[in-house]
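Peer 1: After the structure tokens below, expect a handful of questions from me.
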Amino acid sequence: MPDRLRVLLVEDIATDAELIAHALKRDGFDAVFERVDTEAALTARVASFAPQVVLSDFSLPGFSGMAALELVHGLSPETPFIFVSGTIGEERAIESLKCGASDYVLKTNLARLGSAVRQALERTAERAARARAEAELAEAHQRQRMLSRRLIRAQERERADLARELHDEVGQAFTALKIQLEMLRRAKDADETAVRIDECAEIVGSALTQVRNLSLGLRPPQLDEFGLVSALRSHVERMARTATTDIGFEADPQIGRLHPDVEIACFRIAQESLTNALRHAQADRIRVLLRINADTLMLVVQDNGRGFDVRAASEQALRGTSMGVAGLHERALLAGGIVRIESEPGRGTEVVARFTLKPQGRGPSGGG
Ligand SMILES: Nc1ncnc2c1ncn2[C@@H]1O[C@H](COP(=O)(O)OP(=O)(O)OP(=O)(O)O)[C@@H](O)[C@H]1O
Ligand SMILES: [Mg+2]
């Protein structure tokens with residue numbers, strides 16, 4: 001009987017207990033009652049019966065109501081405890097409230113018992129709800145802190161990568177160029193000069209490509225100039241040129257310029273999902289799709305690879321060093337969207353991001 005209120009009576013007089021039970025039933029309570037009148041029985045019943053409310057006499061033979069209150073609060077601090085007594089004086093009543101009793105009701109006025117129990121239960125429920133909300137908030141803060149820490153680390157890692165690439169690739173190219181120029185200065189004849197100039201041109205050409213790739217990786221200029229579809233199409237094509245996987249891109253023709261927040265979020269989500277599919281999925285087919293209807297932009301990145309356990313990966317990502325999957329959700333949220341990742345080991349992966357488009361976006365918010 002899970003829905004019936006469990007009431008524990010601390011009462012030595014059986015007929016008084018019956019009157020109390022009767023008063024509650026008359027007031028509409030569907031309750032089950034247990035009665036105890038010793039400390040040992042009270043201790044045992046609080047554990048085994050798990051009462052939702054305790055109604056206690058003030059004076060019991062060999063055992064005081066105040067001791068019962070202390071005992072119940074020690075064992076189950078959240079259970080409301082109401083004194084129901086014939087003998088409680090005003091001073092003792094006030095003292096009992098100070099000690100944590102929820103209320104006191106005189107046996108001569110049991111008509112008030114129902115509302116006293118109801119109020120005590122409501123207060124307990126409110127406290128529990130507040131505690132739950134506080135715990136959820138604390139958890140959200142904790143998550144936020146972990147995420148910020150992860151973001152800062154990811155940013156540092158990105159900077160370190162950039163610094164290394166600048167130093168190793170571009171720096172080396174310039175060193176080689178300097179050597180070639182020195183040799184050019186000392187060239188003995190026109191033929192040698194021509195060879196050196198060719199070499200210089202080649203070095204500059206490849207350095208240029210490296211710088212372009214670096215800058216594309218940081219932020220594709222196409223995104224700001226021509227918008228999401230154009231930037232994403234070139235990104236996919238660039239990835240497809242170097243990969244052995246069949247990668248395809250499709251976009252609804254009516255997608256125009258969108259809010260810059262949506263464009264960058266969508267681009268980054270596609271970029272990360274595509275990288276993940278190439279790095280982890282061992283797929284032979286990847287599709288990147290951009291769809292638009294009345295007020296929703298939908299990005300889909302699907303692969304037919306090995307799939308993975310999304311929950312486990314997200315939790316691991318929060319603790320570990322990877323940022324991708326956790327970052328997808330944050331990216332989308334920042335632009336007012338949501339991401340859903342569907343994947344099962346052995347059955348491929350589908351990342352779907354949805355953004356609600358606001359009509360006052362930059363330029364037309366995408367046809368439709
Ligand atoms: N498309 C996919 N197919 C198979 N496994 C995937 C796919 N996407 C993600 N995973 C799995 O989920 C894990 C977490 O992905 P996430 O992008 O968070 O990290 P990462 O790619 O390993 O590192 P980072 O993105 O931070 O450089 C990956 O290590 C991989 O095991
Ligand atoms: Mg990743």
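Each chain in the structure tokens gets a letter, A, B and so on, in the order shown; residues start at 1 in every chain, and ligands are counted from 1 in the order they appear.
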Select from segment 68-133 of chain A everything DSSP, run on the backbone, classes as strand (DSSP E), then give the selection as a list in words.
Peer 2: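 Across segment 68-133 of chain A, those assigned strand (DSSP E) are Phe81, Ile82, Phe83, Val84, Ser85, Asp103, Tyr104, Val105 and Leu106 of chain A.
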Peer 1: Just list the residues in segment 71-301 of chain A DSSP gives alpha helix (DSSP H) on the backbone, as number ranges by chain.
Peer 2: A: 71-75, 90-98, 113-165, 172-185, 190-218, 221-226, 228-242, 260-276
Peer 1: Counting only C-alpha atoms and all ligand atoms, which protein, DNA or RNA residues come within 9 Å of ligand 2, given as a list in words?
Peer 2: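 Result of the 9 Å neighbour search around ligand 2: Glu272, Ser273, Leu274, Thr275, Asn276, Ala277, Arg279, His280, Ser322, Met323, Gly324 and Val325 of chain A.
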Peer 1: May I ask for the distance between atom CA of Ala138 of chain A and atom CA of Gln52 of chain A, given in Å to one decimal place?
Peer 2: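 Taking atom CA of Ala138 of chain A and atom CA of Gln52 of chain A, their separation equals 27.1 Å.
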Peer 1: Residues near segment 353-358 of chain A, anyone? I mean within 8 Å using only C-alpha atoms, not counting same-chain ones fewer than 3 positions away, as number ranges by chain.
Peer 2: A: 258-259, 262, 266, 269, 295-300, 332, 335-340, 361, 365
Peer 1: So that I have them on file, write out the residues from the current selection with N, CA and C atoms, as a short mmCIF file (atom, residue, chain, number, x, y, z; two decimals), in the first residue's frame.
Peer 2:
data_model
loop_
_atom_site.label_atom_id
_atom_site.label_comp_id
_atom_site.auth_asym_id
_atom_site.auth_seq_id
_atom_site.Cartn_x
_atom_site.Cartn_y
_atom_site.Cartn_z
N LEU A 258 22.60 33.23 -42.21
CA LEU A 258 21.92 33.00 -40.94
C LEU A 258 22.58 33.88 -39.90
N HIS A 259 22.01 33.86 -38.71
CA HIS A 259 22.64 34.62 -37.62
C HIS A 259 24.07 34.10 -37.43
N VAL A 262 24.64 31.22 -35.13
CA VAL A 262 24.19 29.93 -35.64
C VAL A 262 25.19 29.40 -36.67
N CYS A 266 27.11 25.95 -35.97
CA CYS A 266 26.80 24.85 -36.88
C CYS A 266 28.06 24.38 -37.59
N ILE A 269 30.22 22.41 -35.10
CA ILE A 269 29.62 21.10 -34.78
C ILE A 269 29.85 20.14 -35.96
N ASP A 295 11.27 27.47 -39.68
CA ASP A 295 12.10 28.25 -38.75
C ASP A 295 13.17 27.39 -38.09
N THR A 296 13.50 26.27 -38.71
CA THR A 296 14.50 25.41 -38.09
C THR A 296 15.58 25.03 -39.10
N LEU A 297 16.83 25.20 -38.64
CA LEU A 297 17.96 24.73 -39.43
C LEU A 297 18.40 23.41 -38.81
N MET A 298 18.61 22.41 -39.66
CA MET A 298 19.02 21.11 -39.14
C MET A 298 20.31 20.68 -39.82
N LEU A 299 21.29 20.34 -38.99
CA LEU A 299 22.54 19.80 -39.51
C LEU A 299 22.59 18.31 -39.15
N VAL A 300 22.92 17.48 -40.13
CA VAL A 300 23.05 16.05 -39.86
C VAL A 300 24.42 15.60 -40.33
N ALA A 332 26.03 24.24 -29.32
CA ALA A 332 24.65 24.37 -29.79
C ALA A 332 23.85 25.25 -28.83
N ALA A 335 24.09 28.95 -29.14
CA ALA A 335 23.40 29.55 -30.28
C ALA A 335 21.92 29.20 -30.25
N GLY A 336 21.43 28.78 -29.11
CA GLY A 336 20.01 28.49 -28.97
C GLY A 336 19.57 27.21 -29.66
N GLY A 337 20.49 26.29 -29.84
CA GLY A 337 20.12 25.03 -30.49
C GLY A 337 20.30 23.84 -29.58
N ILE A 338 20.01 22.66 -30.13
CA ILE A 338 20.27 21.44 -29.36
C ILE A 338 20.91 20.40 -30.26
N VAL A 339 21.66 19.50 -29.63
CA VAL A 339 22.32 18.43 -30.38
C VAL A 339 21.84 17.09 -29.85
N ARG A 340 21.57 16.20 -30.76
CA ARG A 340 21.21 14.83 -30.36
C ARG A 340 22.20 13.91 -31.08
N GLY A 361 17.48 37.70 -37.93
CA GLY A 361 18.89 37.33 -38.09
C GLY A 361 19.55 38.27 -39.08
N SER A 365 16.88 35.10 -42.92
CA SER A 365 17.29 34.05 -42.00
C SER A 365 17.20 32.68 -42.66
#
Peer 1: Considering only C-alpha atoms, state which residue in the set A:Ala283, A:Leu42, A:Ala23, A:Ala176 is at the smallest distance from Ala68 of chain A.
Peer 2: A:Leu42
Peer 1: Which residue gives the smallest distance to ligand 1 among A:Lys178, A:Arg6, A:Arg132, A:Arg268, with only C-alpha atoms and all ligand atoms counted?
Peer 2: A:Arg268
Peer 1: Would you list the residues that come within 9 Å of ligand 1? Count only C-alpha atoms and all ligand atoms and give the answer as a PyMOL selection string.
Peer 2: chain A and resi 154+272-283+301-310+312-314+316-318+320-328+343-346+348-351
